[in-house]
Each structure stands twice: as C-alpha cells, then as structure tokens.
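Trainee: Right, I'll just put the structure down here and ask away after.
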Amino acid sequence: MAIYENGDVELYYEEHGEGFPVLLIAPGGMLSAVSYWTGTPWNPIEQLAGDYRVIAMDQRNAGQSRAPITAADGWHVYAQDQLALMDHLEVDRFHVAGMCIGGPYVMGLIQAAPQRVASGVIFQSIGLHENRDAFYDMFNAWATGLKADRSEVSPEDWASFRSAMYDGDFLFNVSREFVAACDTPLLILQGNDLYHPKKISQELAELAPNSTFIELWKEGEHIESAKVAVAAFLAQNTPG
C-alpha cells in the first residue's frame with residue numbers, strides 16, 4: 001500500500017504477489033477504487049496474486065487518490081495516470097483488467113500505449129445505450145461530493161469535464177473503428193444492466209478481431225468456470 005506522487009497528483013496503489021504484472025482497474029464509476037473489488041462476484045486480487053504481480057489503484061479523486069480538477073480533464077488524464085504509475089513501478093509490459101468504468105480505461109490504455117498492453121480483460125464494460133442521463137447523474141453525484149473542498153473549480157469547469165467523459169458514443173473514449181482494428185487479445189465478460197448494457201459487451205466482442213466472449217460469469221457455477229477462463233486467458237497471453 002503506497003502513494004505515488006506525480007506533481008500535484010497523488011495516486012494510491014497496492015501491490016500483491018510476484019510475476020508478470022497485471023494492472024487492475026476497479027468498478028465504481030467515478031469512484032473507482034481498490035475497495036470496490038470486495039463487492040464483485042470474485043476478487044481478482046485474491047485470485048491472481050499467486051501467479052502475478054497484481055497492481056491495484058484508486059483512480060484520481062476516488063478512494064485515497066487526489067488530483068486537481070480542470071476543464072481540460074477527461075479520459076486521457078486517467079490513462080496518463082495509469083501509465084505514469086506503471087513507469088514509476090518500472091513496469092514496461094502488463095496485462096490490464098478492468099470492470100465497469102474499467103472497460104473504457106482498458107481500451108484507452110491500449111489506444112495510448114498498444115505496445116505495452118499484453119492483453120485486456122473487460123468485466124461488464126460501461127457504454128452508451130439509452131442511458132446517457134444515468135451517467136450524467138452519476139458524474140453529478142460524484143462532483144457534489146467534492147465541490148465543498150474544490151471552490152476553485154467553476155461550474156463551467158465541471159460541465160466541461162462531464163462533457164469530456166460522457167458526451168461520447170459507444171465506450172465514450174474510443175471509437176468502434178479503433179476497436180475493429182485492435183489486435184490486442186481481449187477477454188470480454190458480458191454486462192446486463194443500465195450502466196453495463198448487454199448490447200455494449202456484445203458489440204465490443206463482435207468488433208474486436210482477437211476477442212473471447214463470456215456471457216455468464218456472475219452467479220453460481222458460472223463464477224468458477226469464468227475464473228478458470230480468466231486464468232487461462234492471462235496465462236496464454238503472458239509473454240515468455
């Protein structure tokens with residue numbers, strides 16, 4: 001458990017286990033933090049730490065991480081944080097696994113640094129399908145929790161930031177064209193609710209040319225079979 005300071009950004013992270021690195025990006029929307037893994041169908045930190053160097057982080061202004069907020073913020077600043085943390089830890093190549101908002105973060109990392117991402121696991125990605133107002137509401141609730149201590153951030157700054165995050169299409173931060181041209185191995189586990197539409201998971205899997213799709217994974221006997229599939233996928237795509 002540590003804090004990485006990068007200028008005026010403080011990123012909380014944890015490391016567990018040894019081996020080829022796996023960066024974990026937690027669910028929770030704008031509140032994405034390590035603690036949210038305890039409420040998922042299974043905790044990948046516990047599953048993977050026996051075989052991998054698992055790096056789990058709180059995103060900026062979530063959990064124990066802190067950063068300024070500006071009108072220029074958007075998906076790209078999160079990718080910069082994630083890559084800066086990997087640089088700080090002297091990690092060149094890594095797997096990345098993300099749930100919920102972690103779906104766009106995984107694809108954003110592949111877009112920003114394709115040579116560094118060995119593979120991606122995406123659990124029930126968020127995405128746009130008749131639900132934009134839900135993401136606006138989620139962002140607004142997160143922002144309300146911060147505003148008392150962020151008097152320097154204007155209403156226009158908040159609006160610009162929200163627009164950069166959730167005015168896009170599909171996964172919000174990457175295009176269908178990018179996904180269709182992406183040859184990074186992907187394991188995609190289906191979503192099935194308002195924030196994680198089934199249609200988005202299915203389309204992502206259909207577009208990505210090197211993807212494997214799991215429909216059932218969150219309940220009963222499907223949990224164990226999905227855990228086995230995740231482990232096998234990572235092992236298959238671990239360099240060397």
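Each chain in the structure tokens gets a letter, A, B, ..., in the order shown, and its residues are numbered from 1; ligands are numbered from 1 in order too.
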Per residue of stretch 45-92 of chain A within 12 Å of stretch 142-156 of chain A, record the nearest atom pair and its distance in Å to one decimal, counting only C-alpha atoms, with rows in chain order and ascending residue number, as JSON lines.
Mentor:
```
{"residue": "A:Asn61", "atom": "CA", "partner": "A:Leu146", "partner_atom": "CA", "distance": 8.4}
{"residue": "A:Ala62", "atom": "CA", "partner": "A:Trp142", "partner_atom": "CA", "distance": 9.1}
{"residue": "A:Gly63", "atom": "CA", "partner": "A:Trp142", "partner_atom": "CA", "distance": 11.7}
{"residue": "A:Arg66", "atom": "CA", "partner": "A:Leu146", "partner_atom": "CA", "distance": 10.8}
{"residue": "A:Ala67", "atom": "CA", "partner": "A:Arg150", "partner_atom": "CA", "distance": 10.8}
{"residue": "A:Pro68", "atom": "CA", "partner": "A:Arg150", "partner_atom": "CA", "distance": 8.6}
{"residue": "A:Ile69", "atom": "CA", "partner": "A:Val153", "partner_atom": "CA", "distance": 6.8}
{"residue": "A:Thr70", "atom": "CA", "partner": "A:Val153", "partner_atom": "CA", "distance": 6.8}
{"residue": "A:Ala71", "atom": "CA", "partner": "A:Glu156", "partner_atom": "CA", "distance": 7.3}
{"residue": "A:Ala72", "atom": "CA", "partner": "A:Glu156", "partner_atom": "CA", "distance": 10.9}
{"residue": "A:Asp73", "atom": "CA", "partner": "A:Val153", "partner_atom": "CA", "distance": 11.7}
```
Trainee: If we count only C-alpha atoms and set the cut-off at 12 Å, which residues sit around stretch 32-37 of chain A, ignoring sequence neighbours fewer than 4 positions away in its own chain? Please answer as number ranges by chain.
Mentor: A: 1, 11-15, 23-28, 41-47, 54-66, 78, 97-103, 105, 123, 142
Trainee: Contacts of A:Asp137 at 12 Å or less, counting only C-alpha atoms, minus same-chain residues fewer than 6 places along, as JSON, numbers by chain?
Mentor: {"A": [29, 30, 131, 143, 144, 162, 166, 195]}
Trainee: Which is closer to A:Ala84 than all the others in A:Gly220, A:Pro197, A:Pro239, A:Gly7, using only C-alpha atoms?
Mentor: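 Once distances to A:Ala84 are computed over only C-alpha atoms, the minimum belongs to A:Gly7.
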Trainee: Select from stretch 106-142 of chain A everything DSSP, run on the backbone, classes as helix (DSSP H, G or I), then give the selection as JSON, numbers by chain.
Mentor: {"A": [106, 107, 108, 109, 110, 111, 112, 132, 133, 134, 135, 136, 137, 138, 139, 140, 141, 142]}
Trainee: Using only C-alpha atoms, find the one residue out of A:Asn173, A:Thr40, A:Gln80, A:Asn210 that sits nearest to A:Gly120.
Mentor: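 Selected residue with least distance to A:Gly120: A:Asn210.
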Trainee: Among stretch 5-236 of chain A, which residues carry a DSSP assignment of strand (DSSP E), reported as JSON, numbers by chain?
Mentor: {"A": [5, 6, 9, 10, 11, 12, 13, 14, 15, 16, 21, 22, 23, 24, 25, 53, 54, 55, 56, 57, 94, 95, 96, 97, 98, 99, 117, 118, 119, 120, 121, 122, 123, 186, 187, 188, 189, 211, 212, 213, 214]}
Trainee: One decimal, in Å: what's the spacing between atom CA of A:Val230 and atom CA of A:Phe94?
Mentor: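 If I compute the distance from atom CA of A:Val230 to atom CA of A:Phe94, I get 15.1 Å.
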Trainee: Any idea what the distance is between atom CA of A:Ala235 and atom CA of A:Asp51?
Mentor: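 Atom CA of A:Asp51 lies at a distance of 9.2 Å from atom CA of A:Ala235.
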Trainee: Mind checking which residues fall within 12 Å of A:Ala231, counting only C-alpha atoms, ignoring those fewer than 3 positions away in the same chain, and posting them as an MDAnalysis selection string?
Mentor: chainID A and resid 22 44 47:52 95 97 121 187 224:228 234:238
Trainee: For the selection just defined, write its residues with C-alpha atoms to a file, as a compact mmCIF listing (two decimals), in the first residue's frame.
Mentor:
```
# COMPACT_ATOMS: atom_id res chain seq x y z
CA VAL A 22 -1.44 -7.17 -14.04
CA PRO A 44 -9.22 -10.79 -8.84
CA GLN A 47 -7.33 -14.94 -7.49
CA LEU A 48 -4.27 -13.63 -9.33
CA ALA A 49 -1.74 -12.69 -6.65
CA GLY A 50 -0.42 -16.25 -6.50
CA ASP A 51 0.81 -16.08 -10.09
CA TYR A 52 1.18 -12.40 -11.00
CA HIS A 95 -1.95 -7.20 -18.63
CA ALA A 97 -8.14 -5.98 -16.24
CA VAL A 121 -9.82 -8.41 -19.53
CA LEU A 187 -11.44 -11.33 -22.86
CA GLU A 224 -15.83 -20.85 -11.07
CA SER A 225 -15.81 -21.54 -14.81
CA ALA A 226 -15.26 -17.84 -15.53
CA LYS A 227 -12.39 -17.69 -13.03
CA VAL A 228 -10.76 -20.62 -14.80
CA LEU A 234 -3.90 -14.47 -18.90
CA ALA A 235 -1.56 -17.45 -18.92
CA GLN A 236 -1.95 -17.87 -22.67
CA ASN A 237 -1.09 -14.21 -23.28
CA THR A 238 1.74 -13.79 -20.78
```
Trainee: Looking at only C-alpha atoms, which of A:Arg116, A:Gly127, A:Gly17, A:Gly74 is the one that sits closest to A:Ser163?
Mentor: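 Distance minimum relative to A:Ser163 lands on A:Gly74.
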Trainee: Measure the distance from atom CA of A:Tyr4 to atom CA of A:Leu186 in Å and round it to one decimal.
Mentor: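 Atom CA of A:Tyr4 sits 28.4 Å away from atom CA of A:Leu186.
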Trainee: Using only C-alpha atoms, can you tell me which of A:Ser201, A:Asn140, A:Ser119, A:Gln82 comes closest to A:Pro185?
Mentor: A:Ser119
Trainee: Need the shell around A:Val91: protein/DNA/RNA residues with any atom at most 9 Å away, counting only C-alpha atoms. Skip same-chain ones fewer than 4 positions apart. Format as number ranges by chain?
Mentor: A: 21, 85-87, 116
Trainee: Which residue is closest to A:Val77? Choose from A:Leu207, A:Leu189, A:Ala2, A:Ala164 and count only C-alpha atoms.
Mentor: A:Ala164
